[in-house]
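Chemist: If it helps, the file is called model.cif and holds mmCIF, C-alpha atoms:
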data_protein
loop_
_atom_site.label_atom_id
_atom_site.label_comp_id
_atom_site.auth_asym_id
_atom_site.auth_seq_id
_atom_site.Cartn_x
_atom_site.Cartn_y
_atom_site.Cartn_z
CA MET A 1 30.42 -12.25 -16.35
CA ARG A 2 31.67 -12.36 -12.77
CA GLN A 3 31.38 -15.64 -10.94
CA GLN A 4 28.97 -15.83 -7.99
CA ASN A 5 30.22 -18.21 -5.30
CA SER A 6 27.21 -18.02 -2.99
CA ILE A 7 23.63 -16.82 -3.02
CA PHE A 8 24.65 -14.49 -0.20
CA ASP A 9 27.27 -12.70 -2.27
CA ASN A 10 26.61 -8.99 -2.72
CA LEU A 11 23.31 -9.02 -0.80
CA ASP A 12 22.19 -5.72 0.68
CA TRP A 13 22.27 -6.87 4.28
CA VAL A 14 20.71 -3.63 5.49
CA LEU A 15 17.47 -4.49 3.67
CA VAL A 16 17.63 -8.10 4.88
CA ALA A 17 18.14 -6.96 8.48
CA LEU A 18 15.28 -4.47 8.28
CA PHE A 19 13.00 -7.20 6.94
CA LEU A 20 13.89 -9.59 9.79
CA VAL A 21 13.57 -6.92 12.50
CA MET A 22 10.17 -5.75 11.25
CA VAL A 23 8.79 -9.27 10.78
CA PHE A 24 9.71 -10.33 14.30
CA LEU A 25 8.48 -7.06 15.84
CA GLY A 26 5.21 -7.71 14.03
CA TRP A 27 5.08 -11.26 15.43
CA PHE A 28 5.46 -10.06 19.03
CA ASN A 29 2.77 -7.43 18.53
CA ILE A 30 0.40 -10.02 17.01
CA TYR A 31 1.04 -12.11 20.14
CA ALA A 32 0.06 -9.11 22.29
CA ALA A 33 -2.98 -8.27 20.15
CA VAL A 34 -4.62 -11.72 20.38
CA TYR A 35 -2.99 -13.01 23.60
CA ASN A 36 -4.88 -15.88 25.18
CA GLU A 37 -4.32 -16.73 28.87
CA GLU A 38 -5.12 -20.38 28.17
CA HIS A 39 -2.56 -20.56 25.37
CA LYS A 40 0.37 -18.55 26.68
CA SER A 41 3.07 -20.08 24.48
CA ILE A 42 3.93 -17.81 21.55
CA PHE A 43 4.58 -21.01 19.57
CA ASP A 44 1.04 -22.36 20.04
CA LEU A 45 -0.17 -23.22 16.52
CA SER A 46 -3.81 -23.09 17.57
CA GLU A 47 -3.54 -19.30 17.95
CA ASN A 48 -2.81 -16.61 15.37
CA TYR A 49 0.62 -15.90 16.84
CA GLY A 50 1.63 -19.53 16.40
CA LYS A 51 0.28 -19.55 12.85
CA GLN A 52 2.13 -16.31 12.10
CA LEU A 53 5.40 -18.01 13.05
CA VAL A 54 4.63 -20.62 10.38
CA TRP A 55 4.04 -17.81 7.87
CA ILE A 56 7.33 -16.19 8.93
CA GLY A 57 9.22 -19.48 8.57
CA SER A 58 7.71 -20.13 5.14
CA SER A 59 8.49 -16.53 4.11
CA VAL A 60 12.15 -17.03 4.99
CA LEU A 61 12.17 -20.18 2.85
CA ILE A 62 10.53 -18.23 0.00
CA ALA A 63 13.21 -15.54 0.38
CA LEU A 64 15.98 -18.16 0.19
CA PHE A 65 14.36 -19.72 -2.88
CA ILE A 66 14.20 -16.30 -4.57
CA LEU A 67 17.91 -15.79 -3.88
CA LEU A 68 18.72 -19.18 -5.42
CA ILE A 69 17.12 -18.29 -8.76
CA ASP A 70 19.22 -16.62 -11.43
CA GLY A 71 18.53 -12.89 -11.60
CA LYS A 72 17.75 -13.09 -15.32
CA PHE A 73 14.67 -15.20 -14.53
CA TYR A 74 12.71 -12.20 -13.24
CA THR A 75 13.17 -10.17 -16.40
CA VAL A 76 12.30 -13.12 -18.63
CA SER A 77 9.23 -14.21 -16.65
CA ALA A 78 7.62 -10.79 -16.11
CA TYR A 79 4.86 -11.17 -18.70
CA PRO A 80 3.99 -14.84 -17.84
CA VAL A 81 3.85 -14.02 -14.10
CA TYR A 82 1.60 -11.02 -14.78
CA GLY A 83 -0.66 -13.09 -17.04
CA LEU A 84 -0.93 -15.85 -14.42
CA VAL A 85 -1.87 -13.42 -11.65
CA VAL A 86 -4.48 -11.68 -13.84
CA LEU A 87 -5.94 -15.13 -14.63
CA LEU A 88 -6.13 -15.92 -10.90
CA LEU A 89 -7.87 -12.59 -10.27
CA ILE A 90 -10.48 -13.55 -12.87
CA LEU A 91 -10.90 -17.09 -11.50
CA VAL A 92 -11.34 -15.89 -7.92
CA LEU A 93 -14.42 -13.93 -9.07
CA VAL A 94 -15.96 -17.24 -10.13
CA PHE A 95 -14.58 -19.79 -7.67
CA GLY A 96 -13.46 -17.63 -4.77
CA ARG A 97 -14.84 -17.55 -1.23
CA GLU A 98 -16.38 -14.38 0.13
CA VAL A 99 -14.81 -13.07 3.35
CA ALA A 100 -15.98 -9.83 5.01
CA GLY A 101 -17.93 -8.85 1.91
CA SER A 102 -15.03 -9.36 -0.52
CA LYS A 103 -14.86 -12.32 -2.91
CA SER A 104 -11.08 -12.36 -2.88
CA TRP A 105 -10.00 -15.74 -1.50
CA PHE A 106 -9.25 -19.22 -2.78
CA GLU A 107 -9.90 -21.76 -0.05
CA VAL A 108 -8.66 -25.35 0.15
CA GLY A 109 -9.56 -26.89 3.49
CA SER A 110 -8.24 -24.54 6.17
CA PHE A 111 -5.75 -22.96 3.77
CA ARG A 112 -6.69 -19.63 2.17
CA VAL A 113 -4.80 -17.43 -0.27
CA GLN A 114 -5.65 -13.98 -1.65
CA PRO A 115 -4.43 -13.44 -5.25
CA ALA A 116 -4.87 -9.66 -4.96
CA GLU A 117 -1.84 -9.51 -2.65
CA PHE A 118 0.40 -10.95 -5.38
CA GLY A 119 -1.02 -8.63 -8.05
CA LYS A 120 1.13 -5.78 -6.75
CA PHE A 121 4.32 -7.80 -7.26
CA ALA A 122 3.26 -8.94 -10.75
CA THR A 123 2.36 -5.39 -11.78
CA SER A 124 5.68 -4.01 -10.50
CA LEU A 125 7.46 -6.69 -12.52
CA VAL A 126 5.57 -6.11 -15.78
CA VAL A 127 5.76 -2.29 -15.60
CA ALA A 128 9.53 -2.56 -15.05
CA LYS A 129 9.86 -5.01 -17.94
CA TYR A 130 7.80 -2.93 -20.37
CA LEU A 131 9.37 0.45 -19.58
CA SER A 132 12.91 -1.00 -19.74
CA THR A 133 12.37 -2.54 -23.17
CA LEU A 134 14.67 -1.23 -25.87
CA ASN A 135 13.19 1.61 -27.97
CA ILE A 136 10.36 2.18 -25.46
CA LYS A 137 10.23 5.84 -24.50
CA PHE A 138 8.00 7.01 -21.69
CA GLU A 139 7.56 10.36 -23.42
CA ASP A 140 5.35 8.68 -26.04
CA LEU A 141 1.60 8.78 -25.42
CA LYS A 142 1.27 5.14 -26.50
CA THR A 143 3.80 4.07 -23.86
CA LYS A 144 1.93 5.97 -21.15
CA LEU A 145 -1.40 4.41 -22.15
CA ILE A 146 -0.01 0.85 -22.21
CA THR A 147 1.62 1.41 -18.81
CA VAL A 148 -1.68 2.64 -17.38
CA LEU A 149 -3.43 -0.40 -18.89
CA PHE A 150 -0.99 -2.78 -17.18
CA ILE A 151 -1.73 -1.05 -13.86
CA ALA A 152 -5.49 -0.65 -14.32
CA ALA A 153 -6.30 -4.25 -15.35
CA PRO A 154 -5.60 -5.91 -11.96
CA ALA A 155 -6.96 -2.88 -10.09
CA LEU A 156 -10.33 -3.14 -11.88
CA LEU A 157 -10.51 -6.91 -11.29
CA ILE A 158 -9.85 -6.34 -7.59
CA LEU A 159 -12.58 -3.66 -7.52
CA LEU A 160 -14.98 -6.27 -8.90
CA GLN A 161 -14.08 -8.42 -5.88
CA ASN A 162 -15.37 -5.55 -3.70
CA ASP A 163 -11.89 -4.99 -2.25
CA THR A 164 -11.56 -1.22 -2.67
CA GLY A 165 -8.57 -0.90 -0.35
CA SER A 166 -6.35 -3.29 -2.33
CA ALA A 167 -7.43 -1.65 -5.60
CA LEU A 168 -6.46 1.83 -4.37
CA VAL A 169 -2.89 0.65 -3.76
CA TYR A 170 -2.35 0.64 -7.53
CA GLY A 171 -2.54 4.42 -7.47
CA ALA A 172 0.94 4.29 -5.92
CA PHE A 173 2.37 3.43 -9.35
CA LEU A 174 1.88 7.11 -10.20
CA PHE A 175 5.16 7.71 -8.31
CA VAL A 176 6.93 5.14 -10.49
CA MET A 177 5.66 6.86 -13.63
CA TYR A 178 6.74 10.23 -12.23
CA ARG A 179 10.29 8.91 -11.69
CA GLU A 180 10.35 7.72 -15.29
CA GLY A 181 9.40 11.09 -16.72
CA LEU A 182 5.71 11.74 -16.09
CA SER A 183 5.08 15.47 -15.74
CA GLY A 184 4.77 16.75 -12.20
CA ASN A 185 1.56 18.42 -13.33
CA PHE A 186 -0.14 15.02 -13.12
CA LEU A 187 0.87 14.66 -9.47
CA MET A 188 -0.36 18.19 -8.78
CA ALA A 189 -3.60 17.41 -10.59
CA GLY A 190 -4.03 14.27 -8.49
CA VAL A 191 -3.52 16.21 -5.27
CA ALA A 192 -5.91 18.92 -6.49
CA ILE A 193 -8.61 16.34 -7.27
CA VAL A 194 -8.33 14.88 -3.77
CA VAL A 195 -8.48 18.36 -2.21
CA VAL A 196 -11.52 19.34 -4.32
CA PHE A 197 -13.23 16.05 -3.40
CA ILE A 198 -12.70 16.60 0.33
CA VAL A 199 -13.56 20.33 0.32
CA THR A 200 -16.73 19.69 -1.70
CA LEU A 201 -17.87 17.20 0.92
CA LEU A 202 -17.44 19.91 3.55
CA PHE A 203 -19.00 22.82 1.66
CA ASP A 204 -21.83 23.48 -0.76
CA PRO A 205 -20.84 23.15 -4.48
CA LYS A 206 -21.82 26.80 -5.05
CA ILE A 207 -19.26 27.89 -2.47
CA MET A 208 -16.70 25.66 -4.21
CA MET A 209 -17.40 27.46 -7.49
CA TRP A 210 -16.70 30.83 -5.86
CA ILE A 211 -13.48 29.48 -4.30
CA THR A 212 -12.35 27.98 -7.62
CA GLY A 213 -13.11 31.20 -9.50
CA THR A 214 -11.24 33.31 -6.95
CA ILE A 215 -8.17 31.05 -7.09
CA ALA A 216 -8.27 31.09 -10.92
CA VAL A 217 -8.27 34.90 -10.97
CA LEU A 218 -5.38 35.09 -8.47
CA VAL A 219 -3.35 32.54 -10.44
CA PHE A 220 -3.92 34.48 -13.68
CA PHE A 221 -2.76 37.80 -12.24
CA ALA A 222 0.17 36.19 -10.40
CA GLY A 223 1.56 34.61 -13.59
CA LYS A 224 2.05 35.62 -17.18
CA ARG A 225 -1.15 37.28 -18.37
CA THR A 226 -1.39 35.75 -21.83
CA TRP A 227 -4.40 34.42 -23.75
CA LYS A 228 -2.91 30.92 -23.66
CA ASN A 229 -2.57 30.94 -19.87
CA ALA A 230 -6.00 32.52 -19.47
CA LEU A 231 -7.58 29.76 -21.58
CA LEU A 232 -5.75 27.02 -19.65
CA ILE A 233 -6.75 28.48 -16.27
CA ALA A 234 -10.36 28.85 -17.43
CA VAL A 235 -10.53 25.21 -18.60
CA VAL A 236 -9.07 23.96 -15.31
CA ALA A 237 -11.50 26.12 -13.32
CA VAL A 238 -14.48 24.80 -15.32
CA VAL A 239 -13.32 21.19 -14.84
CA PHE A 240 -12.92 21.60 -11.08
CA SER A 241 -16.24 23.42 -10.83
CA GLY A 242 -17.90 20.54 -12.66
CA MET A 243 -16.18 18.09 -10.33
CA SER A 244 -17.62 19.86 -7.30
CA TYR A 245 -21.11 19.07 -8.59
CA SER A 246 -20.27 15.46 -9.53
CA VAL A 247 -18.76 14.56 -6.13
CA GLY A 248 -22.19 14.39 -4.50
CA TYR A 249 -23.44 12.04 -7.20
CA VAL A 250 -20.41 9.75 -6.80
CA VAL A 251 -20.75 9.62 -3.03
CA ASP A 252 -24.51 8.98 -3.13
CA ASN A 253 -24.69 6.57 -6.08
CA VAL A 254 -21.28 4.92 -6.52
CA LEU A 255 -19.87 4.41 -3.03
CA GLU A 256 -21.32 1.79 -0.71
CA LYS A 257 -23.26 3.10 2.28
CA HIS A 258 -20.54 2.07 4.75
CA GLN A 259 -17.86 3.75 2.60
CA LYS A 260 -19.84 7.00 2.53
CA THR A 261 -20.34 6.86 6.30
CA ARG A 262 -16.61 6.23 6.88
CA ILE A 263 -15.72 9.34 4.87
CA ASN A 264 -18.32 11.46 6.70
CA VAL A 265 -17.11 10.20 10.09
CA MET A 266 -13.50 11.00 9.17
CA LEU A 267 -14.52 14.55 8.11
CA GLY A 268 -16.58 15.05 11.27
CA LYS A 269 -19.89 15.35 9.39
CA GLU A 270 -21.33 12.31 11.18
CA ASP A 271 -20.82 10.81 14.61
CA ASP A 272 -21.17 7.04 14.72
CA PRO A 273 -19.11 5.88 17.73
CA LYS A 274 -20.87 2.52 17.99
CA GLY A 275 -21.07 1.79 14.26
CA VAL A 276 -18.68 2.68 11.45
CA GLY A 277 -16.63 4.98 13.69
CA TYR A 278 -16.19 2.37 16.43
CA ASN A 279 -12.90 0.89 15.15
CA VAL A 280 -11.20 4.25 14.70
CA ASN A 281 -12.42 5.66 18.03
CA GLN A 282 -11.17 2.61 19.92
CA SER A 283 -7.91 2.68 17.99
CA LYS A 284 -7.29 6.33 18.89
CA ILE A 285 -8.13 5.61 22.54
CA ALA A 286 -5.64 2.71 22.54
CA ILE A 287 -2.84 4.73 20.92
CA GLY A 288 -3.49 7.80 23.08
CA SER A 289 -3.61 5.79 26.31
CA GLY A 290 -0.08 4.51 25.66
CA GLY A 291 1.40 7.87 26.55
CA PHE A 292 5.13 8.39 26.03
CA THR A 293 6.53 4.98 27.00
CA GLY A 294 3.43 2.76 26.79
CA LYS A 295 1.76 0.44 29.29
CA GLY A 296 4.22 -2.38 28.73
CA PHE A 297 4.16 -5.67 26.85
CA LEU A 298 0.84 -7.54 27.38
CA ASN A 299 -0.41 -4.75 29.67
CA GLY A 300 -2.60 -2.88 27.21
CA THR A 301 -6.20 -2.86 28.41
CA GLN A 302 -7.71 -1.87 25.06
CA THR A 303 -5.66 -4.65 23.48
CA LYS A 304 -6.20 -7.27 26.16
CA TYR A 305 -9.98 -6.87 26.26
CA LYS A 306 -10.38 -6.82 22.46
CA PHE A 307 -11.96 -3.37 22.17
CA VAL A 308 -10.51 -2.87 18.69
CA PRO A 309 -11.76 -5.30 16.01
CA GLU A 310 -9.17 -6.62 13.50
CA GLN A 311 -6.45 -5.63 15.95
CA SER A 312 -3.95 -8.22 14.71
CA THR A 313 -4.46 -7.28 11.05
CA ASP A 314 -5.53 -3.81 9.87
CA PHE A 315 -5.24 -2.18 13.32
CA ILE A 316 -1.98 -3.75 14.56
CA PHE A 317 -0.47 -0.25 14.90
CA CYS A 318 -2.77 0.60 17.81
CA THR A 319 -1.26 -2.34 19.76
CA VAL A 320 2.17 -0.78 19.22
CA GLY A 321 0.84 2.59 20.39
CA GLU A 322 -0.83 1.29 23.54
CA GLU A 323 1.87 -1.07 24.79
CA TRP A 324 4.99 0.76 23.58
CA GLY A 325 3.71 4.35 23.57
CA PHE A 326 5.09 7.25 21.55
CA LEU A 327 8.58 5.76 21.65
CA GLY A 328 7.36 2.48 20.15
CA THR A 329 5.37 4.14 17.38
CA PHE A 330 8.32 6.43 16.65
CA VAL A 331 10.65 3.42 16.28
CA VAL A 332 8.21 1.66 13.92
CA ILE A 333 7.77 4.78 11.76
CA VAL A 334 11.55 5.33 11.63
CA LEU A 335 12.06 1.70 10.59
CA PHE A 336 9.62 2.11 7.72
CA LEU A 337 11.14 5.42 6.62
CA PHE A 338 14.63 3.90 6.77
CA LEU A 339 13.41 0.93 4.71
CA LEU A 340 11.86 3.21 2.06
CA VAL A 341 14.91 5.48 1.85
CA ARG A 342 17.20 2.46 1.58
CA ILE A 343 15.12 0.93 -1.24
CA ILE A 344 15.21 4.21 -3.18
CA TYR A 345 18.96 4.52 -2.57
CA VAL A 346 19.55 0.97 -3.83
CA ALA A 347 17.25 1.57 -6.81
CA GLU A 348 19.17 4.69 -7.82
CA ARG A 349 22.53 2.91 -7.81
CA GLN A 350 21.36 0.43 -10.46
CA LYS A 351 22.73 0.38 -13.99
CA SER A 352 19.79 -1.78 -15.01
CA THR A 353 16.70 0.25 -15.92
CA PHE A 354 14.52 -2.78 -15.14
CA THR A 355 15.84 -3.06 -11.57
CA ARG A 356 15.54 0.68 -10.94
CA ILE A 357 11.91 0.81 -12.06
CA TYR A 358 11.07 -2.33 -10.13
CA GLY A 359 12.71 -0.87 -7.02
CA TYR A 360 10.55 2.25 -7.27
CA GLY A 361 7.51 -0.02 -7.60
CA VAL A 362 8.48 -1.77 -4.35
CA ALA A 363 9.02 1.55 -2.55
CA SER A 364 5.74 3.04 -3.81
CA ILE A 365 3.64 0.05 -2.73
CA LEU A 366 5.25 -0.16 0.71
CA PHE A 367 4.86 3.59 1.19
CA PHE A 368 1.16 3.52 0.32
CA HIS A 369 0.47 0.64 2.73
CA PHE A 370 2.53 2.19 5.51
CA ALA A 371 1.11 5.72 5.18
CA VAL A 372 -2.56 4.79 4.71
CA ASN A 373 -2.62 2.04 7.34
CA ILE A 374 -1.20 4.31 10.05
CA ALA A 375 -3.34 7.25 8.90
CA MET A 376 -6.54 5.22 9.20
CA THR A 377 -5.67 4.00 12.72
CA ILE A 378 -5.39 7.60 13.93
CA GLY A 379 -8.41 8.91 12.01
CA LEU A 380 -6.59 10.79 9.24
CA ALA A 381 -7.85 8.49 6.48
CA PRO A 382 -11.02 6.44 6.04
CA VAL A 383 -10.78 2.75 6.96
CA ILE A 384 -10.10 0.87 3.71
CA GLY A 385 -8.74 -2.38 5.12
CA ILE A 386 -5.13 -2.72 4.04
CA PRO A 387 -2.39 -4.39 6.16
CA LEU A 388 0.72 -2.83 7.65
CA PRO A 389 3.61 -4.51 5.78
CA PHE A 390 5.52 -7.17 7.77
CA PHE A 391 3.50 -6.37 10.92
CA SER A 392 -0.10 -7.40 10.24
CA TYR A 393 -1.21 -11.00 10.66
CA GLY A 394 -1.77 -12.97 7.48
CA GLY A 395 0.03 -15.40 5.23
CA SER A 396 -0.91 -13.97 1.83
CA SER A 397 0.21 -10.44 2.67
CA LEU A 398 3.47 -11.55 4.32
CA TRP A 399 4.33 -13.85 1.42
CA ALA A 400 3.51 -11.12 -1.12
CA PHE A 401 5.60 -8.45 0.64
CA THR A 402 8.47 -10.93 1.09
CA ILE A 403 8.44 -11.79 -2.62
CA LEU A 404 8.17 -8.11 -3.55
CA LEU A 405 11.20 -7.12 -1.43
CA PHE A 406 13.48 -10.12 -1.96
CA VAL A 407 13.15 -10.11 -5.73
CA PHE A 408 14.51 -6.57 -5.54
CA ILE A 409 17.30 -7.67 -3.19
CA LYS A 410 18.20 -10.46 -5.63
CA LEU A 411 18.16 -8.11 -8.63
CA ASP A 412 20.43 -5.72 -6.75
CA ALA A 413 22.88 -8.53 -5.91
CA TYR A 414 22.78 -9.72 -9.51
CA ARG A 415 24.07 -6.37 -10.77
CA MET A 416 27.53 -7.28 -9.43
CA GLN A 417 27.71 -10.41 -11.64
CA LEU A 418 27.91 -8.35 -14.82
CA LEU A 419 31.00 -6.52 -15.96
CA ARG A 420 29.80 -3.07 -17.00
#
Kindly present the structure from the file in structure tokens form.

Modeler:
Amino acid sequence: MRQQNSIFDNLDWVLVALFLVMVFLGWFNIYAAVYNEEHKSIFDLSENYGKQLVWIGSSVLIALFILLIDGKFYTVSAYPVYGLVVLLLILVLVFGREVAGSKSWFEVGSFRVQPAEFGKFATSLVVAKYLSTLNIKFEDLKTKLITVLFIAAPALLILLQNDTGSALVYGAFLFVMYREGLSGNFLMAGVAIVVVFIVTLLFDPKIMMWITGTIAVLVFFAGKRTWKNALLIAVVAVVFSGMSYSVGYVVDNVLEKHQKTRINVMLGKEDDPKGVGYNVNQSKIAIGSGGFTGKGFLNGTQTKYKFVPEQSTDFIFCTVGEEWGFLGTFVVIVLFLFLLVRIIYVAERQKSTFTRIYGYGVASILFFHFAVNIAMTIGLAPVIGIPLPFFSYGGSSLWAFTILLFVFIKLDAYRMQLLR
């Protein structure tokens, strides 16, 4: 063992700096999004920007606490932490408070916490622990099924809370499984299912059958024309043809009315500028009006006059677009991409399988939040209500993302304490 003289030894300061820069950029944009002329001080605790500073301060303390703990703790505690979070997800269904249609919050006085936010950290931890266990091979079907079960359990509990957006985030673990040996065919199948779903909503199922049949014939003649390939292509074509008929049933009988309308508005099949489409339309107006350099800090009219609901949370990116323009949005996107690339780079330099898998879990979750949040603010994805990491207002999400990232930073620093 190598001796560690300080908790700051061997830290990846690039990740720490990115965290601090993004958190404080988020704080200033929250200030702009909910700015109140009567409470101009950014430190005013009666306003969301003052409260966010408290969340930032407490997040820094949480980060320091994480760095103080021995790195071995996270591998040892993976299963208990996962079990505790799953228990909280069950309890919130019984004792939780309903907010915006989702029964996802514990409330004590004015303090509220959302267990679903911490489920992503717990799942990353337990998947890393299980897949790094000696004699566990991802090639085995049993291993794949148990991994999927670990991921699906919290996702299903969150779905029962009527929080579809948070549940969909768990689909990001597909990238972790791919890194650990899952066939790329599963990723292709996932993309194909999404494409079929969207195209079926745009066209009649009969047309989809003709399109599927045509593609199947072209694929057969373009590849090796064997009976085995012909059978495989035929099965896939039949499955996708069947899906094209089931999509309508799912949309009409499984999705909530507002979810169906959001999808139709996104695809241009419905126009609801004063209803479901209001948020996205106002968001696009705000981002577009920022031009190249933006209107300037606190000068955004869409922002100042509260045209966009949830502007400090789910739609914080439109504040960036209006006040800082294309340059501002470009900087934010580059920061996120740099953060993701850095996490993957750090994950790949690990000798510990546990740390590498956990790192990919962190990157996958952050990528999903970043990509979907920005896509929904510009109308490229339906509004599913997930925050932009480190930017959106909220204590639970900031704490959860801080824990998620700094546990990885600690695990990376811990690798230098072992003589390999």

Chemist: Please expand the PyMOL selection byres ((chain A and resi 312-323) around 6) into the concrete residues it hits in this file, giving the result as a PyMOL selection string.

Modeler: chain A and resi 30+33+283+286-287+289-290+294-297+300+310-311+324-325+329+385-387+392-393

Chemist: Skip Ile69 in chain A itself and residues of its chain fewer than 4 positions away, then list as a ChimeraX atom specification all residues within 10 Å of it, counting all atoms listed in the file.

Modeler: /A:7,64-65,73-74,407,410

Chemist: Since I can't run it myself right now, could you work out what the PyMOL selection byres ((chain A and resi 47) around 12) selects here and report it as an MDAnalysis selection string?

Modeler: chainID A and resid 30:46 48:54 312 393

Chemist: I need the residue nearest Trp399 in chain A from this list: A:Glu139, A:Asp12, A:Asp412, A:Glu117. Use only C-alpha atoms for the distance.

Modeler: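 Of the candidates, the smallest distance to Trp399 in chain A is held by A:Glu117.
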
Chemist: Using all atoms listed in the file, which of the listed residues (A:Gly181, A:Pro154, A:Pro382, A:Gly71) sits closest to Val169 in chain A?

Modeler: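 Using all atoms listed in the file, Val169 in chain A sits closest to A:Pro154.
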
Chemist: Any idea what's packed within 9 Å of Phe95 in chain A, counting only C-alpha atoms, ignoring anything in its chain fewer than 5 positions away? Could you give it as a PyMOL selection string?

Modeler: chain A and resi 103+105-106

Chemist: Can you sort out range 144-162 of chain A so it carries N, CA and C atoms, written as a PDB file, in the coordinates of the input?

Modeler:
ATOM      1  N   LYS A 144       2.664   5.607 -22.370  1.00  0.00           N
ATOM      2  CA  LYS A 144       1.930   5.970 -21.150  1.00  0.00           C
ATOM      3  C   LYS A 144       0.618   5.188 -21.053  1.00  0.00           C
ATOM      4  N   LEU A 145      -0.108   5.096 -22.167  1.00  0.00           N
ATOM      5  CA  LEU A 145      -1.400   4.410 -22.150  1.00  0.00           C
ATOM      6  C   LEU A 145      -1.249   2.916 -21.867  1.00  0.00           C
ATOM      7  N   ILE A 146      -0.240   2.286 -22.456  1.00  0.00           N
ATOM      8  CA  ILE A 146      -0.010   0.850 -22.210  1.00  0.00           C
ATOM      9  C   ILE A 146       0.391   0.618 -20.755  1.00  0.00           C
ATOM     10  N   THR A 147       1.218   1.515 -20.218  1.00  0.00           N
ATOM     11  CA  THR A 147       1.620   1.410 -18.810  1.00  0.00           C
ATOM     12  C   THR A 147       0.402   1.502 -17.897  1.00  0.00           C
ATOM     13  N   VAL A 148      -0.457   2.473 -18.168  1.00  0.00           N
ATOM     14  CA  VAL A 148      -1.680   2.640 -17.380  1.00  0.00           C
ATOM     15  C   VAL A 148      -2.569   1.404 -17.493  1.00  0.00           C
ATOM     16  N   LEU A 149      -2.623   0.806 -18.683  1.00  0.00           N
ATOM     17  CA  LEU A 149      -3.430  -0.400 -18.890  1.00  0.00           C
ATOM     18  C   LEU A 149      -2.914  -1.559 -18.055  1.00  0.00           C
ATOM     19  N   PHE A 150      -1.588  -1.730 -18.010  1.00  0.00           N
ATOM     20  CA  PHE A 150      -0.990  -2.780 -17.180  1.00  0.00           C
ATOM     21  C   PHE A 150      -1.363  -2.594 -15.705  1.00  0.00           C
ATOM     22  N   ILE A 151      -1.418  -1.347 -15.266  1.00  0.00           N
ATOM     23  CA  ILE A 151      -1.730  -1.050 -13.860  1.00  0.00           C
ATOM     24  C   ILE A 151      -3.228  -1.176 -13.589  1.00  0.00           C
ATOM     25  N   ALA A 152      -4.044  -0.710 -14.540  1.00  0.00           N
ATOM     26  CA  ALA A 152      -5.490  -0.650 -14.320  1.00  0.00           C
ATOM     27  C   ALA A 152      -6.166  -2.023 -14.370  1.00  0.00           C
ATOM     28  N   ALA A 153      -5.641  -2.940 -15.185  1.00  0.00           N
ATOM     29  CA  ALA A 153      -6.300  -4.250 -15.350  1.00  0.00           C
ATOM     30  C   ALA A 153      -6.474  -4.992 -14.036  1.00  0.00           C
ATOM     31  N   PRO A 154      -5.400  -5.237 -13.256  1.00  0.00           N
ATOM     32  CA  PRO A 154      -5.600  -5.910 -11.960  1.00  0.00           C
ATOM     33  C   PRO A 154      -6.396  -5.076 -10.973  1.00  0.00           C
ATOM     34  N   ALA A 155      -6.213  -3.752 -11.023  1.00  0.00           N
ATOM     35  CA  ALA A 155      -6.960  -2.880 -10.090  1.00  0.00           C
ATOM     36  C   ALA A 155      -8.458  -3.005 -10.311  1.00  0.00           C
ATOM     37  N   LEU A 156      -8.902  -3.030 -11.574  1.00  0.00           N
ATOM     38  CA  LEU A 156     -10.330  -3.140 -11.880  1.00  0.00           C
ATOM     39  C   LEU A 156     -10.872  -4.516 -11.478  1.00  0.00           C
ATOM     40  N   LEU A 157     -10.080  -5.572 -11.692  1.00  0.00           N
ATOM     41  CA  LEU A 157     -10.510  -6.910 -11.290  1.00  0.00           C
ATOM     42  C   LEU A 157     -10.661  -7.007  -9.769  1.00  0.00           C
ATOM     43  N   ILE A 158      -9.769  -6.339  -9.054  1.00  0.00           N
ATOM     44  CA  ILE A 158      -9.850  -6.340  -7.590  1.00  0.00           C
ATOM     45  C   ILE A 158     -11.060  -5.521  -7.122  1.00  0.00           C
ATOM     46  N   LEU A 159     -11.366  -4.438  -7.836  1.00  0.00           N
ATOM     47  CA  LEU A 159     -12.580  -3.660  -7.520  1.00  0.00           C
ATOM     48  C   LEU A 159     -13.822  -4.516  -7.679  1.00  0.00           C
ATOM     49  N   LEU A 160     -13.839  -5.377  -8.697  1.00  0.00           N
ATOM     50  CA  LEU A 160     -14.980  -6.270  -8.900  1.00  0.00           C
ATOM     51  C   LEU A 160     -15.124  -7.280  -7.761  1.00  0.00           C
ATOM     52  N   GLN A 161     -14.034  -7.532  -7.046  1.00  0.00           N
ATOM     53  CA  GLN A 161     -14.080  -8.420  -5.880  1.00  0.00           C
ATOM     54  C   GLN A 161     -14.625  -7.696  -4.649  1.00  0.00           C
ATOM     55  N   ASN A 162     -14.905  -6.404  -4.800  1.00  0.00           N
ATOM     56  CA  ASN A 162     -15.370  -5.550  -3.700  1.00  0.00           C
ATOM     57  C   ASN A 162     -14.283  -5.343  -2.649  1.00  0.00           C
TER      58      ASN A 162
END
